file structure.txt (compact mmCIF, N, CA and C atoms)
# COMPACT_ATOMS: atom_id res chain seq x y z
N MET A 585 89.55 74.68 79.65
CA MET A 585 89.97 75.09 80.99
C MET A 585 89.61 73.98 81.97
N THR A 586 90.40 73.86 82.98
CA THR A 586 90.19 72.80 83.95
C THR A 586 89.33 73.29 85.11
N PHE A 587 88.83 72.34 85.87
CA PHE A 587 88.00 72.63 87.04
C PHE A 587 88.75 73.48 88.05
N GLU A 588 89.99 73.11 88.32
CA GLU A 588 90.78 73.81 89.33
C GLU A 588 91.12 75.24 88.90
N LEU A 589 91.41 75.42 87.61
CA LEU A 589 91.74 76.75 87.10
C LEU A 589 90.55 77.70 87.21
N LEU A 590 89.37 77.21 86.90
CA LEU A 590 88.18 78.05 87.02
C LEU A 590 87.86 78.36 88.49
N LEU A 591 88.08 77.40 89.37
CA LEU A 591 87.89 77.68 90.79
C LEU A 591 88.92 78.68 91.30
N PHE A 592 90.13 78.62 90.78
CA PHE A 592 91.16 79.59 91.13
C PHE A 592 90.74 80.99 90.66
N LEU A 593 90.19 81.08 89.46
CA LEU A 593 89.67 82.36 88.94
C LEU A 593 88.55 82.89 89.82
N ALA A 594 87.63 82.02 90.22
CA ALA A 594 86.52 82.43 91.08
C ALA A 594 87.03 82.91 92.44
N ALA A 595 88.00 82.20 92.99
CA ALA A 595 88.56 82.61 94.28
C ALA A 595 89.29 83.94 94.16
N GLY A 596 89.99 84.14 93.05
CA GLY A 596 90.66 85.42 92.82
C GLY A 596 89.68 86.57 92.70
N LEU A 597 88.61 86.38 91.94
CA LEU A 597 87.58 87.42 91.83
C LEU A 597 86.96 87.73 93.18
N PHE A 598 86.63 86.69 93.93
CA PHE A 598 86.03 86.90 95.24
C PHE A 598 86.99 87.61 96.19
N SER A 599 88.26 87.23 96.17
CA SER A 599 89.25 87.85 97.05
C SER A 599 89.47 89.31 96.72
N ILE A 600 89.58 89.63 95.44
CA ILE A 600 89.76 91.03 95.05
C ILE A 600 88.53 91.85 95.42
N GLY A 601 87.35 91.27 95.21
CA GLY A 601 86.12 91.96 95.60
C GLY A 601 86.02 92.17 97.10
N LEU A 602 86.41 91.18 97.88
CA LEU A 602 86.38 91.31 99.33
C LEU A 602 87.34 92.38 99.81
N PHE A 603 88.53 92.40 99.25
CA PHE A 603 89.49 93.44 99.59
C PHE A 603 88.95 94.82 99.22
N GLY A 604 88.36 94.93 98.03
CA GLY A 604 87.81 96.20 97.60
C GLY A 604 86.65 96.67 98.46
N ALA A 605 85.79 95.75 98.87
CA ALA A 605 84.64 96.12 99.69
C ALA A 605 85.05 96.51 101.11
N LEU A 606 86.10 95.88 101.63
CA LEU A 606 86.50 96.17 103.01
C LEU A 606 87.48 97.32 103.14
N SER A 607 88.17 97.67 102.06
CA SER A 607 89.21 98.69 102.18
C SER A 607 88.78 100.07 101.69
N GLN A 608 87.63 100.18 101.07
CA GLN A 608 87.20 101.46 100.51
C GLN A 608 86.16 102.13 101.40
N GLN A 609 86.06 103.45 101.27
CA GLN A 609 85.03 104.19 101.99
C GLN A 609 83.98 104.76 101.06
N SER A 610 84.27 104.81 99.78
CA SER A 610 83.31 105.31 98.80
C SER A 610 82.22 104.26 98.60
N ILE A 611 80.98 104.70 98.62
CA ILE A 611 79.85 103.77 98.48
C ILE A 611 79.91 103.06 97.13
N VAL A 612 80.27 103.78 96.08
CA VAL A 612 80.34 103.18 94.74
C VAL A 612 81.43 102.12 94.69
N MET A 613 82.58 102.38 95.30
CA MET A 613 83.67 101.39 95.28
C MET A 613 83.29 100.14 96.09
N ILE A 614 82.57 100.31 97.17
CA ILE A 614 82.10 99.16 97.96
C ILE A 614 81.15 98.33 97.13
N MET A 615 80.26 98.98 96.40
CA MET A 615 79.33 98.25 95.55
C MET A 615 80.06 97.52 94.42
N MET A 616 81.11 98.12 93.90
CA MET A 616 81.90 97.43 92.87
C MET A 616 82.60 96.20 93.45
N GLY A 617 83.07 96.29 94.69
CA GLY A 617 83.67 95.12 95.34
C GLY A 617 82.66 94.01 95.54
N ILE A 618 81.46 94.38 95.94
CA ILE A 618 80.40 93.38 96.11
C ILE A 618 80.05 92.75 94.77
N GLU A 619 80.05 93.55 93.71
CA GLU A 619 79.79 93.03 92.37
C GLU A 619 80.85 91.99 91.98
N LEU A 620 82.11 92.26 92.27
CA LEU A 620 83.16 91.29 91.97
C LEU A 620 83.00 90.02 92.79
N MET A 621 82.61 90.15 94.05
CA MET A 621 82.40 88.97 94.88
C MET A 621 81.27 88.10 94.32
N ILE A 622 80.18 88.74 93.93
CA ILE A 622 79.06 87.98 93.36
C ILE A 622 79.48 87.34 92.03
N GLY A 623 80.28 88.06 91.24
CA GLY A 623 80.79 87.48 90.00
C GLY A 623 81.64 86.24 90.24
N GLY A 624 82.46 86.27 91.29
CA GLY A 624 83.25 85.10 91.64
C GLY A 624 82.38 83.92 92.05
N ILE A 625 81.31 84.20 92.77
CA ILE A 625 80.39 83.13 93.17
C ILE A 625 79.70 82.54 91.95
N ILE A 626 79.33 83.40 91.01
CA ILE A 626 78.67 82.91 89.80
C ILE A 626 79.63 82.06 88.96
N VAL A 627 80.89 82.47 88.87
CA VAL A 627 81.88 81.67 88.12
C VAL A 627 82.07 80.31 88.79
N ALA A 628 82.14 80.30 90.12
CA ALA A 628 82.30 79.02 90.83
C ALA A 628 81.08 78.12 90.63
N ALA A 629 79.89 78.71 90.71
CA ALA A 629 78.67 77.91 90.51
C ALA A 629 78.60 77.35 89.10
N ALA A 630 78.95 78.18 88.12
CA ALA A 630 78.95 77.70 86.73
C ALA A 630 79.99 76.60 86.53
N ASP A 631 81.12 76.73 87.19
CA ASP A 631 82.17 75.71 87.11
C ASP A 631 81.68 74.39 87.68
N PHE A 632 81.06 74.44 88.85
CA PHE A 632 80.54 73.21 89.46
C PHE A 632 79.48 72.57 88.58
N TRP A 633 78.57 73.38 88.05
CA TRP A 633 77.52 72.81 87.22
C TRP A 633 78.08 72.25 85.92
N HIS A 634 79.07 72.89 85.35
CA HIS A 634 79.63 72.41 84.09
C HIS A 634 80.35 71.08 84.26
N PHE A 635 81.09 70.95 85.34
CA PHE A 635 81.88 69.73 85.51
C PHE A 635 81.17 68.62 86.28
N LEU A 636 80.20 68.94 87.12
CA LEU A 636 79.54 67.91 87.91
C LEU A 636 78.20 67.48 87.32
N ALA A 637 77.52 68.39 86.62
CA ALA A 637 76.24 68.06 85.99
C ALA A 637 76.18 68.73 84.63
N PRO A 638 76.85 68.19 83.64
CA PRO A 638 76.98 68.88 82.35
C PRO A 638 75.73 68.82 81.47
N THR A 639 74.57 68.57 82.02
CA THR A 639 73.35 68.48 81.22
C THR A 639 72.85 69.84 80.77
N GLY A 640 73.32 70.92 81.37
CA GLY A 640 72.90 72.25 80.96
C GLY A 640 71.80 72.85 81.82
N SER A 641 71.37 72.15 82.86
CA SER A 641 70.29 72.66 83.69
C SER A 641 70.71 73.84 84.57
N GLY A 642 71.99 74.01 84.79
CA GLY A 642 72.46 75.10 85.64
C GLY A 642 72.50 76.44 84.94
N GLN A 643 72.36 76.46 83.63
CA GLN A 643 72.42 77.71 82.89
C GLN A 643 71.30 78.65 83.29
N VAL A 644 70.13 78.14 83.55
CA VAL A 644 69.00 78.98 83.93
C VAL A 644 69.27 79.65 85.27
N VAL A 645 69.85 78.93 86.19
CA VAL A 645 70.16 79.49 87.50
C VAL A 645 71.24 80.57 87.38
N ILE A 646 72.22 80.35 86.54
CA ILE A 646 73.28 81.33 86.34
C ILE A 646 72.72 82.60 85.71
N VAL A 647 71.87 82.47 84.71
CA VAL A 647 71.26 83.64 84.08
C VAL A 647 70.39 84.39 85.09
N ALA A 648 69.64 83.67 85.91
CA ALA A 648 68.81 84.32 86.93
C ALA A 648 69.69 85.06 87.95
N ALA A 649 70.82 84.49 88.31
CA ALA A 649 71.72 85.16 89.25
C ALA A 649 72.33 86.41 88.65
N VAL A 650 72.68 86.36 87.37
CA VAL A 650 73.25 87.54 86.70
C VAL A 650 72.19 88.64 86.60
N VAL A 651 70.95 88.29 86.29
CA VAL A 651 69.88 89.28 86.21
C VAL A 651 69.62 89.88 87.59
N ALA A 652 69.59 89.05 88.62
CA ALA A 652 69.40 89.57 89.98
C ALA A 652 70.54 90.49 90.38
N MET A 653 71.76 90.15 89.98
CA MET A 653 72.92 90.98 90.28
C MET A 653 72.79 92.33 89.58
N ALA A 654 72.34 92.34 88.34
CA ALA A 654 72.18 93.60 87.61
C ALA A 654 71.10 94.47 88.24
N VAL A 655 69.99 93.87 88.64
CA VAL A 655 68.92 94.63 89.30
C VAL A 655 69.39 95.18 90.64
N GLU A 656 70.13 94.38 91.38
CA GLU A 656 70.65 94.83 92.68
C GLU A 656 71.59 96.01 92.52
N MET A 657 72.45 95.95 91.52
CA MET A 657 73.38 97.06 91.31
C MET A 657 72.65 98.31 90.83
N ALA A 658 71.64 98.16 89.98
CA ALA A 658 70.88 99.32 89.51
C ALA A 658 70.16 99.99 90.67
N MET A 659 69.58 99.19 91.55
CA MET A 659 68.89 99.77 92.71
C MET A 659 69.88 100.40 93.67
N GLY A 660 71.03 99.78 93.85
CA GLY A 660 72.05 100.34 94.72
C GLY A 660 72.56 101.68 94.22
N PHE A 661 72.80 101.77 92.92
CA PHE A 661 73.24 103.05 92.36
C PHE A 661 72.14 104.09 92.44
N ALA A 662 70.88 103.69 92.29
CA ALA A 662 69.78 104.64 92.42
C ALA A 662 69.69 105.20 93.84
N VAL A 663 69.83 104.33 94.83
CA VAL A 663 69.80 104.79 96.22
C VAL A 663 70.99 105.69 96.51
N THR A 664 72.16 105.30 96.02
CA THR A 664 73.36 106.11 96.22
C THR A 664 73.20 107.49 95.58
N THR A 665 72.65 107.54 94.38
CA THR A 665 72.42 108.82 93.71
C THR A 665 71.41 109.67 94.47
N ALA A 666 70.36 109.04 95.00
CA ALA A 666 69.37 109.79 95.77
C ALA A 666 69.97 110.35 97.06
N ILE A 667 70.79 109.57 97.74
CA ILE A 667 71.44 110.05 98.97
C ILE A 667 72.39 111.19 98.65
N TYR A 668 73.13 111.05 97.55
CA TYR A 668 74.07 112.10 97.19
C TYR A 668 73.35 113.40 96.82
N ARG A 669 72.26 113.29 96.08
CA ARG A 669 71.53 114.49 95.69
C ARG A 669 70.87 115.16 96.89
N ALA A 670 70.41 114.37 97.85
CA ALA A 670 69.71 114.95 99.01
C ALA A 670 70.68 115.55 100.03
N ARG A 671 71.82 114.88 100.28
CA ARG A 671 72.70 115.31 101.38
C ARG A 671 74.15 115.52 100.98
N GLN A 672 74.50 115.36 99.72
CA GLN A 672 75.88 115.47 99.25
C GLN A 672 76.81 114.50 99.99
N VAL A 673 76.32 113.30 100.22
CA VAL A 673 77.06 112.26 100.94
C VAL A 673 77.51 111.20 99.93
N ASP A 674 78.82 110.95 99.86
CA ASP A 674 79.31 109.89 98.99
C ASP A 674 80.27 108.94 99.68
N MET A 675 80.51 109.12 100.96
CA MET A 675 81.39 108.24 101.72
C MET A 675 80.58 107.58 102.84
N THR A 676 81.00 106.39 103.23
CA THR A 676 80.24 105.66 104.24
C THR A 676 80.29 106.33 105.60
N ASP A 677 81.39 106.98 105.93
CA ASP A 677 81.49 107.66 107.22
C ASP A 677 80.51 108.82 107.33
N MET A 678 80.29 109.51 106.21
CA MET A 678 79.37 110.64 106.22
C MET A 678 77.91 110.19 106.21
N ALA A 679 77.63 108.95 105.83
CA ALA A 679 76.26 108.46 105.78
C ALA A 679 75.85 107.79 107.09
N GLU A 680 76.64 107.93 108.14
CA GLU A 680 76.35 107.29 109.41
C GLU A 680 75.07 107.79 110.06
N ASP A 681 74.71 109.03 109.79
CA ASP A 681 73.49 109.59 110.40
C ASP A 681 72.22 109.06 109.77
N LEU A 682 72.32 108.23 108.73
CA LEU A 682 71.15 107.66 108.08
C LEU A 682 70.63 106.40 108.82
N LYS A 683 71.34 105.99 109.88
CA LYS A 683 70.88 104.82 110.64
C LYS A 683 69.53 105.11 111.27
N GLY A 684 68.77 104.03 111.42
CA GLY A 684 67.41 104.16 111.96
C GLY A 684 67.39 104.29 113.39
call {"tool": "encode", "arguments": {"input": "structure.txt", "output": "structure tokens"}}
result
Amino acid sequence: MTFELLLFLAAGLFSIGLFGALSQQSIVMIMMGIELMIGGIIVAAADFWHFLAPTGSGQVVIVAAVVAMAVEMAMGFAVTTAIYRARQVDMTDMAEDLKG
């Protein structure tokens, strides 16, 4: 695969994620859009490291980013589940009263 094709894939993932995060009201769907955006960033970073510094040093950073993304999503789903169980809220408009 070429550098430009992988950047096109990363831009597509980021764009679809951005559209999903901005057009949905469900908290879970917004989190899925954010997950796609982060995935696009990781693909772009891996692409840059592979073609600009092919020594393999970027693999550790990519793995750390994927692990951080997984932890972030697990915590986000835990908070969403707790809010839903406490108040039966699953849409962002209904969660407006949770502001500080």
call {"tool": "residues_around", "arguments": {"input": "structure.txt", "residues": "Ile611 of chain A", "least_positions_apart": "5", "cutoff": "6.5 Å", "atoms": "only N, CA and C atoms", "output": "ChimeraX atom specification"}}
result
/A:616,674-676
call {"tool": "closest_residue", "arguments": {"input": "structure.txt", "among": "A:Ala648, A:Pro638, A:Glu588, A:Ala594", "to": "Ile625 of chain A", "atoms": "only N, CA and C atoms"}}
result
A:Ala594
call {"tool": "closest_residue", "arguments": {"input": "structure.txt", "among": "A:Val612, A:Ile622, A:Leu591, A:Ile600", "to": "Ala652 of chain A", "atoms": "only C-alpha atoms"}}
result
A:Ile622
call {"tool": "atom_distance", "arguments": {"input": "structure.txt", "atom1": "atom N of Met615 of chain A", "atom2": "atom C of Phe587 of chain A"}}
result
28.1 Å
call {"tool": "select_by_dssp", "arguments": {"input": "structure.txt", "residues": "chain A", "states": "helix (DSSP H, G or I)", "output": "VMD selection string"}}
result
chain A and resid 587 to 607 611 to 636 642 to 671 678 to 682
call {"tool": "residues_around", "arguments": {"input": "structure.txt", "residues": "Gly596 of chain A", "least_positions_apart": "6", "cutoff": "10 Å", "atoms": "only C-alpha atoms", "output": "list in words"}}
result
Leu590, Leu602, Leu620, Met621 and Gly624 of chain A
